[in-house]
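Asks: Below: one structure in structure tokens.
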Amino acid sequence: MRSKDQFEGIQRSLQRAWIKGAGFTDEELERPLILIANTYQDFSPENAHLRTLADAVKAGVRMNGGTPIEFNTFHVTDSEAFAARSMRYVLPSRDIVADSIELMAEGHGVDALVLLTGGDKPTPGMVMAAARLNIPTILLYCGPTKYGEYRGKKLFLETVYDGVGEAIRGAITEETLKHWEDELFPGPGAGDTLTSGNTAGIYTEALGLSLPGSGTLAGGTNKQIRTAKYTGMRIVDLFRENVLPSDILTPAAFENALRVALAVSGSTNLVLHFIAMAKEAGVTVDFDLIDKIGRETPTLAKLAPSGPWGVTELGEAGGVPAVLKELGDLINPDTITVSGKTTGEIATEAENTNPELLAARTDPRAPEGAIYILKGSLAPEGAVVKASGVAKSMWQFEGTAKVFENEEDAIMSVLAGEVTDGTAIIIRNEGPKGGPGMREMLGATSAVVGMGLSETVALITDGRFSGASHGPAIGYVGPEAANGGPIALVQDGDTIVIDLDERRLDLAVDDAELDRRRAAYVAPEPNVTRGYLSFYAQHVAPANQGAVLPR
């Protein structure tokens with residue numbers, strides 16, 4: 001027990017006195033010390049119920065002979081920061097979440113770790129910390145929220161955001177939009193769209209870090225509270241059995257998790273996070289591997305925003321275990337999980353109760369995975385698109401560039417009716433370094449969809465997109481503008497060529513002209529010149545390397 005070094009023996013009298021000052025007893029200090037890293041906060045629906053879950057985890061730990069201690073890390077909430085300067089702080093928070101857990105776990109000599117998470121950046125950040133610390137660890141995701149309803153219409157995150165453009169062009173009334181806003185969340189959790197956060201809940205379960213079925217449990221339900229108790233009980237067993245993250249986070253486990261996420265139309269943000277998580281685990285995941293896995297893995301479900309189904313409905317259909325079962329021999333069955341069962345055993349025991357939602361591999365929704373890696377003269381280092389959300393009519397597209405230096409200007413132009421059919425919107429200087437922080441462009445994609453342009457206009461950026469984004473939205477363009485990529489040289493009127501079948505993204509401008517532009521190029525002044533974001537911009541890796549900080 002690592003905690004013995006912290007609290008055992010006569011020389012540790014003061015240390016024991018200090019923790020006893022918080023009410024702990026000698027008997028509690030003789031048991032394994034289990035650290036619960038919580039992301040509770042009272043202003044984000046993903047996190048608002050996590051106090052209740054933390055109490056349930058603690059009960060489970062105590063039932064199985066451990067001593068729980070809890071601290072709070074944080075969640076810079078994406079969905080409250082869209083199309084604002086505050087979105088620059090969201091992705092950079094991921095690495096700080098990882099650091100905060102490392103500091104607390106090592107600083108207090110704990111024996112094992114429970115990760116109680118909600119949100120797209122805290123979740124991979126917590127996995128990064130688990131890999132780095134390599135002490136027994138289990139994760140419990142906050143869970144999705146059952147979709148809202150208004151007059152028989154299912155309400156998802158993107159329903160509300162797309163509704164802004166619909167209200168502006170008169171397709172719906174502002175009163176209807178207000179009703180959608182008020183009815184979107186029936187209770188706590190991360191919404192019912194396959195957002196980046198809900199994608200993370202799915203892939204962490206598929207990695208083997210969560211109990212089977214827990215990644216799609218509706219937030220705050222009695223079943224989730226019971227699962228939290230079992231999570232607390234199980235972490236004590238993992239400590240006794242000395243099951244470590246390094247036993248779980250293997251190359252095969254990352255491939256399994258990638259296949260599951262791609263099969264259900266997961267968010268493009270998984271690309272960044274898989275690279276970053278794998279790096280901490282000593283595993284190589286890159287654009288080429290993601291592209292290879294995507295070409296081999298069929299799309300079995302189109303969850304919102306790619307289709308009509310919610311994440312809670314996937315859970316009701318059998319959840320991640322059912323997806324593993326349908327993927328069959330594409331899954332490595334021998335990877336171990338925190339449950340004590342192998343991935344193959346979990347898949348064998350699973351049942352798909354809704355084939356309309358989750359298709360069989362023999363009759364998939366699409367022959368390949370939802371996310372495509374594009375290459376070409378506009379993206380020599382690659383770009384990412386969620387192909388499952390793109391209308392077939394836009395898979396081959398030749399458009400005229402209209403360039404914006406930030407997302408806000410693009411949104412205003414779209415909503416003002418200044419963007420017409422056949423336009424290729426270019427939003428640049430939004431990458432990890434140039435933003436800084438690589439903002440999500442949900443505001444821009446929702447403006448395009450809401451204004452009825454999703455089958456006639458493409459959006460291309462060195463930033464990234466929310467899991468709720470849909471339509472022809474291509475992100476992660478690399479190198480980013482701030483690193484001298486071709487996207488920095490695009491001018492209004494240039495021809496942009498997209499071919500999703502060939503996975504190409506090209507700028508139809510000859511090399512001589514690009515050389516002339518490069519020689520005349522003057523980089524813009526940094527958007528941020530002090531504080532954490534300034535440090536981040538100076539040190540962050542490119543998107544195709546996971547946008548990680550050096551550690």
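Labeling convention for the structure tokens: chains A, B, ... as they appear, residues from 1 per chain, ligands from 1 in order of appearance.
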List every residue of stretch 356-506 of chain A that DSSP, applied to the backbone of this structure, places in helix (DSSP H, G or I), and write the result as a ChimeraX atom specification.

Replies: /A:387-389,392-394,407-415,442-450,481-483,486-489

Asks: Need the shell around A:Leu116: protein/DNA/RNA residues with any atom at most 8 Å away, counting only C-alpha atoms. Skip same-chain ones fewer than 4 positions apart. Format as a PyMOL selection string?

Replies: chain A and resi 36-39+50+54+139-142

Asks: Dump N, CA and C atoms for the selected residues as a compact mmCIF listing (two decimals), in the first residue's frame?

Replies:
```txt
# COMPACT_ATOMS: atom_id res chain seq x y z
N ILE A 36 -11.01 9.65 -5.07
CA ILE A 36 -12.06 9.92 -6.06
C ILE A 36 -11.79 11.29 -6.65
N ALA A 37 -11.50 11.32 -7.94
CA ALA A 37 -11.31 12.58 -8.65
C ALA A 37 -12.64 12.95 -9.29
N ASN A 38 -13.29 13.96 -8.76
CA ASN A 38 -14.63 14.34 -9.17
C ASN A 38 -14.57 15.58 -10.06
N THR A 39 -15.55 15.71 -10.95
CA THR A 39 -15.68 16.93 -11.77
C THR A 39 -17.01 17.62 -11.47
N LEU A 50 -22.99 14.88 -9.88
CA LEU A 50 -21.85 14.03 -9.54
C LEU A 50 -21.57 13.95 -8.05
N ALA A 54 -20.73 10.54 -6.38
CA ALA A 54 -19.54 10.41 -5.53
C ALA A 54 -19.90 9.76 -4.20
N LEU A 139 -13.18 4.14 -14.01
CA LEU A 139 -13.82 5.39 -14.43
C LEU A 139 -15.33 5.21 -14.49
N LEU A 140 -16.04 6.24 -14.07
CA LEU A 140 -17.50 6.27 -14.22
C LEU A 140 -17.88 7.57 -14.91
N TYR A 141 -18.53 7.44 -16.05
CA TYR A 141 -18.94 8.60 -16.84
C TYR A 141 -20.28 9.15 -16.35
N CYS A 142 -20.47 10.47 -16.49
CA CYS A 142 -21.67 11.15 -15.98
C CYS A 142 -22.96 10.66 -16.61
```

Asks: My list of candidates is A:Ile496, A:Ile426, A:Ala252, A:Val414. Which is closest to A:Asp462 when distances are computed with only C-alpha atoms?

Replies: A:Ile426

Asks: Rank A:Ala387, A:Ala301, A:Ile425, A:Ala206 by their smallest atom-to-atom distance to A:Leu324, using only C-alpha atoms, and report the top residue only.

Replies: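 That would be A:Ala206, the residue with the smallest distance to A:Leu324.
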
Asks: What is the distance, in Å and to one decimal place, between atom CA of A:Gly201 and atom CA of A:Ser214?

Replies: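 These two atoms are separated by 8.2 Å.
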
Asks: Using only C-alpha atoms, find each residue in stretch 368-397 of chain A having at least one atom no more than 12 Å away from stretch 443-450 of chain A; report its shortest atom-to-atom pair and that distance in Å (one decimal), rows by chain then rising number, as a tab-separated table.

Replies:
```
residue	atom	partner	partner_atom	distance
A:Gly389	CA	A:Val449	CA	11.4
A:Val390	CA	A:Val449	CA	11.1
A:Ala391	CA	A:Val449	CA	11.6
```

Asks: For C-alpha atoms, I'd like the residues from the last selection saved as a short mmCIF file (atom, residue, chain, number, x, y, z; two decimals), in the first residue's frame.

Replies:
```cif
data_model
loop_
_atom_site.label_atom_id
_atom_site.label_comp_id
_atom_site.auth_asym_id
_atom_site.auth_seq_id
_atom_site.Cartn_x
_atom_site.Cartn_y
_atom_site.Cartn_z
CA GLY A 389 -23.10 13.65 -41.14
CA VAL A 390 -22.46 14.80 -44.72
CA ALA A 391 -25.19 14.58 -47.37
#
```

Asks: If DSSP is run on the backbone, what residues of stretch 53-287 of chain A are strand (DSSP E or B)? A reply as number ranges by chain would be ideal.

Replies: A: 67-72, 112-117, 137-141, 148-150, 153-155

Asks: How about saving the chosen residues, N, CA, C and O atoms kept, as a CSV table (one decimal), in the first residue's frame?

Replies:
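Wrote it out as out.csv, contents follow:
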```csv
chain,number,residue,atom,x,y,z
A,67,THR,N,-11.0,3.0,2.1
A,67,THR,CA,-11.3,4.3,2.6
A,67,THR,C,-11.3,5.3,1.5
A,67,THR,O,-10.3,5.5,0.9
A,68,PRO,N,-12.4,5.9,1.2
A,68,PRO,CA,-12.5,6.9,0.1
A,68,PRO,C,-12.1,8.3,0.6
A,68,PRO,O,-12.4,8.7,1.7
A,69,ILE,N,-11.4,9.0,-0.3
A,69,ILE,CA,-11.1,10.4,-0.1
A,69,ILE,C,-11.4,11.1,-1.4
A,69,ILE,O,-11.2,10.5,-2.5
A,70,GLU,N,-11.9,12.3,-1.4
A,70,GLU,CA,-12.4,12.9,-2.6
A,70,GLU,C,-11.8,14.3,-2.8
A,70,GLU,O,-11.6,15.0,-1.8
A,71,PHE,N,-11.5,14.6,-4.1
A,71,PHE,CA,-11.1,16.0,-4.4
A,71,PHE,C,-11.8,16.4,-5.7
A,71,PHE,O,-12.3,15.5,-6.4
A,72,ASN,N,-11.9,17.6,-6.0
A,72,ASN,CA,-12.6,18.1,-7.2
A,72,ASN,C,-11.6,18.7,-8.2
A,72,ASN,O,-10.8,19.6,-7.8
A,112,ALA,N,-5.3,3.8,-5.0
A,112,ALA,CA,-6.1,3.5,-6.2
A,112,ALA,C,-6.9,4.8,-6.5
A,112,ALA,O,-7.0,5.7,-5.7
A,113,LEU,N,-7.5,4.8,-7.7
A,113,LEU,CA,-8.2,6.0,-8.2
A,113,LEU,C,-9.5,5.7,-8.8
A,113,LEU,O,-9.6,4.7,-9.6
A,114,VAL,N,-10.5,6.5,-8.5
A,114,VAL,CA,-11.8,6.5,-9.2
A,114,VAL,C,-12.0,7.8,-9.9
A,114,VAL,O,-11.8,8.9,-9.3
A,115,LEU,N,-12.2,7.7,-11.2
A,115,LEU,CA,-12.4,8.9,-12.0
A,115,LEU,C,-13.9,9.1,-12.3
A,115,LEU,O,-14.5,8.3,-13.0
A,116,LEU,N,-14.4,10.2,-11.7
A,116,LEU,CA,-15.8,10.5,-11.8
A,116,LEU,C,-15.9,11.7,-12.8
A,116,LEU,O,-15.7,12.8,-12.4
A,117,THR,N,-16.3,11.4,-14.0
A,117,THR,CA,-16.1,12.4,-15.0
A,117,THR,C,-17.4,12.8,-15.8
A,117,THR,O,-18.3,12.0,-15.9
A,137,THR,N,-7.2,1.8,-11.3
A,137,THR,CA,-8.1,2.9,-11.7
A,137,THR,C,-9.3,2.4,-12.3
A,137,THR,O,-9.3,1.4,-13.1
A,138,ILE,N,-10.4,3.0,-12.0
A,138,ILE,CA,-11.7,2.8,-12.7
A,138,ILE,C,-12.4,4.1,-12.9
A,138,ILE,O,-12.2,5.1,-12.2
A,139,LEU,N,-13.2,4.1,-14.0
A,139,LEU,CA,-13.8,5.4,-14.4
A,139,LEU,C,-15.3,5.2,-14.5
A,139,LEU,O,-15.8,4.2,-14.9
A,140,LEU,N,-16.0,6.2,-14.1
A,140,LEU,CA,-17.5,6.3,-14.2
A,140,LEU,C,-17.9,7.6,-14.9
A,140,LEU,O,-17.6,8.7,-14.4
A,141,TYR,N,-18.5,7.4,-16.1
A,141,TYR,CA,-18.9,8.6,-16.8
A,141,TYR,C,-20.3,9.2,-16.3
A,141,TYR,O,-21.1,8.4,-15.9
A,148,GLY,N,-34.9,15.7,-24.9
A,148,GLY,CA,-36.1,16.5,-24.6
A,148,GLY,C,-37.2,16.3,-25.7
A,148,GLY,O,-36.9,15.8,-26.7
A,149,GLU,N,-38.4,16.8,-25.4
A,149,GLU,CA,-39.5,16.7,-26.4
A,149,GLU,C,-40.3,18.0,-26.3
A,149,GLU,O,-40.5,18.6,-25.2
A,150,TYR,N,-40.8,18.4,-27.5
A,150,TYR,CA,-41.7,19.5,-27.5
A,150,TYR,C,-42.7,19.3,-28.7
A,150,TYR,O,-42.3,19.1,-29.9
A,153,LYS,N,-41.7,16.4,-31.0
A,153,LYS,CA,-40.5,16.5,-31.6
A,153,LYS,C,-39.3,16.2,-30.7
A,153,LYS,O,-39.3,16.7,-29.6
A,154,LYS,N,-38.4,15.3,-31.1
A,154,LYS,CA,-37.3,15.0,-30.3
A,154,LYS,C,-36.3,16.2,-30.3
A,154,LYS,O,-36.1,16.8,-31.3
A,155,LEU,N,-35.8,16.6,-29.1
A,155,LEU,CA,-34.9,17.7,-29.0
A,155,LEU,C,-33.5,17.3,-28.6
A,155,LEU,O,-33.3,16.6,-27.6
```

Asks: Once you count only C-alpha atoms, what closest atom pair and distance in Å to one decimal does each residue of stretch 96-212 of chain A within 10 Å of stretch 314-317 of chain A have, with rows by chain and rising residue number, as a Markdown table?

Replies:
```
| residue | atom | partner | partner_atom | distance |
| --- | --- | --- | --- | --- |
| A:Pro144 | CA | A:Gly315 | CA | 9.5 |
| A:Asp192 | CA | A:Leu314 | CA | 10.0 |
| A:Ile202 | CA | A:Gly315 | CA | 9.9 |
```

Asks: Please save C-alpha atoms of the selected residues as a compact mmCIF listing (two decimals), in the first residue's frame.

Replies:
```txt
# COMPACT_ATOMS: atom_id res chain seq x y z
CA PRO A 144 -26.25 11.12 -21.28
CA ASP A 192 -28.64 12.74 -25.75
CA ILE A 202 -18.54 5.14 -24.96
```

Asks: What does the structure give for the distance between atom CA of A:Ala547 and atom CA of A:Ala263, in Å to one decimal?

Replies: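 Between these atoms lies a distance of 24.4 Å.
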
Asks: Hey, can you check how far atom CA of A:Gln15 sits from atom CA of A:Ile101?

Replies: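 So the answer is 20.7 Å.
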
Asks: Name the residues in contact with A:Leu289 at a cut-off of 10 Å, using only C-alpha atoms, excluding same-chain residues fewer than 4 positions from it; report them as JSON, numbers by chain.

Replies: {"A": [255, 258, 284, 285, 293, 294, 295, 373]}

Asks: Near A:Gly232, within 6 Å and counting only C-alpha atoms, which residues show up once chain neighbours fewer than 4 positions away are dropped, as a ChimeraX atom specification?

Replies: /A:57,60-61

Asks: Let me make sure I understand: among A:Ser454, A:Ala130, A:Ile168, A:Ala537, which one has the smallest atom-to-atom distance to A:Ala278 if we use only C-alpha atoms?

Replies: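 Between A:Ser454, A:Ala130, A:Ile168, A:Ala537, the residue approaching A:Ala278 most closely is A:Ala130.
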
Asks: Considering only C-alpha atoms, return as JSON, numbers by chain whatever protein or nucleic-acid residues lie within 10 Å of stretch 512-519 of chain A, sequence-local ones (same chain, fewer than 2 positions apart) excluded.

Replies: {"A": [484, 485, 486, 488, 489, 490, 491, 507, 509, 510, 521, 522]}

Asks: Got time to write the residues from that selection, all heavy atoms, as a PDB file, in the first residue's frame?

Replies:
```pdb
ATOM      1  N   GLY A 484       2.235  27.842 -40.667  1.00  0.00           N
ATOM      2  CA  GLY A 484       2.610  28.030 -42.061  1.00  0.00           C
ATOM      3  C   GLY A 484       1.943  27.106 -43.049  1.00  0.00           C
ATOM      4  O   GLY A 484       2.439  26.935 -44.176  1.00  0.00           O
ATOM      5  N   GLY A 485       0.814  26.519 -42.671  1.00  0.00           N
ATOM      6  CA  GLY A 485       0.126  25.612 -43.575  1.00  0.00           C
ATOM      7  C   GLY A 485      -0.499  26.329 -44.755  1.00  0.00           C
ATOM      8  O   GLY A 485      -0.724  27.547 -44.730  1.00  0.00           O
ATOM      9  N   PRO A 486      -0.824  25.578 -45.823  1.00  0.00           N
ATOM     10  CA  PRO A 486      -1.437  26.194 -47.007  1.00  0.00           C
ATOM     11  C   PRO A 486      -2.727  26.944 -46.705  1.00  0.00           C
ATOM     12  O   PRO A 486      -3.071  27.877 -47.437  1.00  0.00           O
ATOM     13  CB  PRO A 486      -1.699  24.992 -47.922  1.00  0.00           C
ATOM     14  CG  PRO A 486      -0.693  23.976 -47.510  1.00  0.00           C
ATOM     15  CD  PRO A 486      -0.518  24.149 -46.038  1.00  0.00           C
ATOM     16  N   ALA A 488      -3.224  29.106 -44.626  1.00  0.00           N
ATOM     17  CA  ALA A 488      -2.884  30.512 -44.395  1.00  0.00           C
ATOM     18  C   ALA A 488      -2.814  31.310 -45.687  1.00  0.00           C
ATOM     19  O   ALA A 488      -2.891  32.540 -45.667  1.00  0.00           O
ATOM     20  CB  ALA A 488      -1.546  30.608 -43.657  1.00  0.00           C
ATOM     21  N   LEU A 489      -2.672  30.614 -46.815  1.00  0.00           N
ATOM     22  CA  LEU A 489      -2.457  31.276 -48.097  1.00  0.00           C
ATOM     23  C   LEU A 489      -3.711  31.371 -48.951  1.00  0.00           C
ATOM     24  O   LEU A 489      -3.700  31.993 -50.017  1.00  0.00           O
ATOM     25  CB  LEU A 489      -1.371  30.529 -48.880  1.00  0.00           C
ATOM     26  CG  LEU A 489      -0.053  30.286 -48.137  1.00  0.00           C
ATOM     27  CD1 LEU A 489       0.902  29.485 -49.009  1.00  0.00           C
ATOM     28  CD2 LEU A 489       0.572  31.598 -47.689  1.00  0.00           C
ATOM     29  N   VAL A 490      -4.805  30.742 -48.494  1.00  0.00           N
ATOM     30  CA  VAL A 490      -6.046  30.763 -49.271  1.00  0.00           C
ATOM     31  C   VAL A 490      -6.582  32.192 -49.357  1.00  0.00           C
ATOM     32  O   VAL A 490      -6.563  32.948 -48.384  1.00  0.00           O
ATOM     33  CB  VAL A 490      -7.106  29.846 -48.649  1.00  0.00           C
ATOM     34  CG1 VAL A 490      -8.399  29.877 -49.460  1.00  0.00           C
ATOM     35  CG2 VAL A 490      -6.581  28.414 -48.548  1.00  0.00           C
ATOM     36  N   GLN A 491      -7.078  32.560 -50.528  1.00  0.00           N
ATOM     37  CA  GLN A 491      -7.673  33.881 -50.731  1.00  0.00           C
ATOM     38  C   GLN A 491      -9.108  33.731 -51.229  1.00  0.00           C
ATOM     39  O   GLN A 491      -9.478  32.702 -51.815  1.00  0.00           O
ATOM     40  CB  GLN A 491      -6.858  34.684 -51.755  1.00  0.00           C
ATOM     41  CG  GLN A 491      -5.463  35.031 -51.283  1.00  0.00           C
ATOM     42  CD  GLN A 491      -4.679  35.858 -52.287  1.00  0.00           C
ATOM     43  OE1 GLN A 491      -5.176  36.162 -53.387  1.00  0.00           O
ATOM     44  NE2 GLN A 491      -3.459  36.229 -51.935  1.00  0.00           N
ATOM     45  N   LEU A 507      -6.526  22.512 -52.683  1.00  0.00           N
ATOM     46  CA  LEU A 507      -6.588  23.922 -53.055  1.00  0.00           C
ATOM     47  C   LEU A 507      -6.102  24.016 -54.493  1.00  0.00           C
ATOM     48  O   LEU A 507      -4.932  23.733 -54.794  1.00  0.00           O
ATOM     49  CB  LEU A 507      -5.685  24.730 -52.121  1.00  0.00           C
ATOM     50  CG  LEU A 507      -5.447  26.204 -52.459  1.00  0.00           C
ATOM     51  CD1 LEU A 507      -6.753  26.992 -52.447  1.00  0.00           C
ATOM     52  CD2 LEU A 507      -4.431  26.803 -51.494  1.00  0.00           C
ATOM     53  N   VAL A 509      -4.784  25.919 -56.654  1.00  0.00           N
ATOM     54  CA  VAL A 509      -3.938  27.077 -56.954  1.00  0.00           C
ATOM     55  C   VAL A 509      -2.545  26.539 -57.255  1.00  0.00           C
ATOM     56  O   VAL A 509      -2.027  25.687 -56.515  1.00  0.00           O
ATOM     57  CB  VAL A 509      -3.880  28.065 -55.764  1.00  0.00           C
ATOM     58  CG1 VAL A 509      -2.915  29.200 -56.048  1.00  0.00           C
ATOM     59  CG2 VAL A 509      -5.271  28.606 -55.463  1.00  0.00           C
ATOM     60  N   ASP A 510      -1.905  27.020 -58.328  1.00  0.00           N
ATOM     61  CA  ASP A 510      -0.617  26.436 -58.724  1.00  0.00           C
ATOM     62  C   ASP A 510       0.503  26.823 -57.758  1.00  0.00           C
ATOM     63  O   ASP A 510       0.401  27.790 -57.000  1.00  0.00           O
ATOM     64  CB  ASP A 510      -0.253  26.818 -60.165  1.00  0.00           C
ATOM     65  CG  ASP A 510      -0.072  28.303 -60.362  1.00  0.00           C
ATOM     66  OD1 ASP A 510       0.735  28.918 -59.629  1.00  0.00           O
ATOM     67  OD2 ASP A 510      -0.723  28.869 -61.258  1.00  0.00           O
ATOM     68  N   TYR A 521       3.440  36.786 -47.273  1.00  0.00           N
ATOM     69  CA  TYR A 521       2.578  36.542 -46.117  1.00  0.00           C
ATOM     70  C   TYR A 521       3.094  37.233 -44.857  1.00  0.00           C
ATOM     71  O   TYR A 521       4.290  37.177 -44.539  1.00  0.00           O
ATOM     72  CB  TYR A 521       2.466  35.039 -45.863  1.00  0.00           C
ATOM     73  CG  TYR A 521       1.624  34.660 -44.671  1.00  0.00           C
ATOM     74  CD1 TYR A 521       0.240  34.769 -44.710  1.00  0.00           C
ATOM     75  CD2 TYR A 521       2.211  34.200 -43.493  1.00  0.00           C
ATOM     76  CE1 TYR A 521      -0.543  34.427 -43.621  1.00  0.00           C
ATOM     77  CE2 TYR A 521       1.439  33.852 -42.396  1.00  0.00           C
ATOM     78  CZ  TYR A 521       0.064  33.967 -42.465  1.00  0.00           C
ATOM     79  OH  TYR A 521      -0.703  33.626 -41.392  1.00  0.00           O
ATOM     80  N   VAL A 522       2.194  37.875 -44.148  1.00  0.00           N
ATOM     81  CA  VAL A 522       2.505  38.480 -42.857  1.00  0.00           C
ATOM     82  C   VAL A 522       1.574  37.842 -41.825  1.00  0.00           C
ATOM     83  O   VAL A 522       0.356  37.952 -41.931  1.00  0.00           O
ATOM     84  CB  VAL A 522       2.313  40.004 -42.874  1.00  0.00           C
ATOM     85  CG1 VAL A 522       2.577  40.581 -41.485  1.00  0.00           C
ATOM     86  CG2 VAL A 522       3.218  40.648 -43.917  1.00  0.00           C
TER      87      VAL A 522
END
```
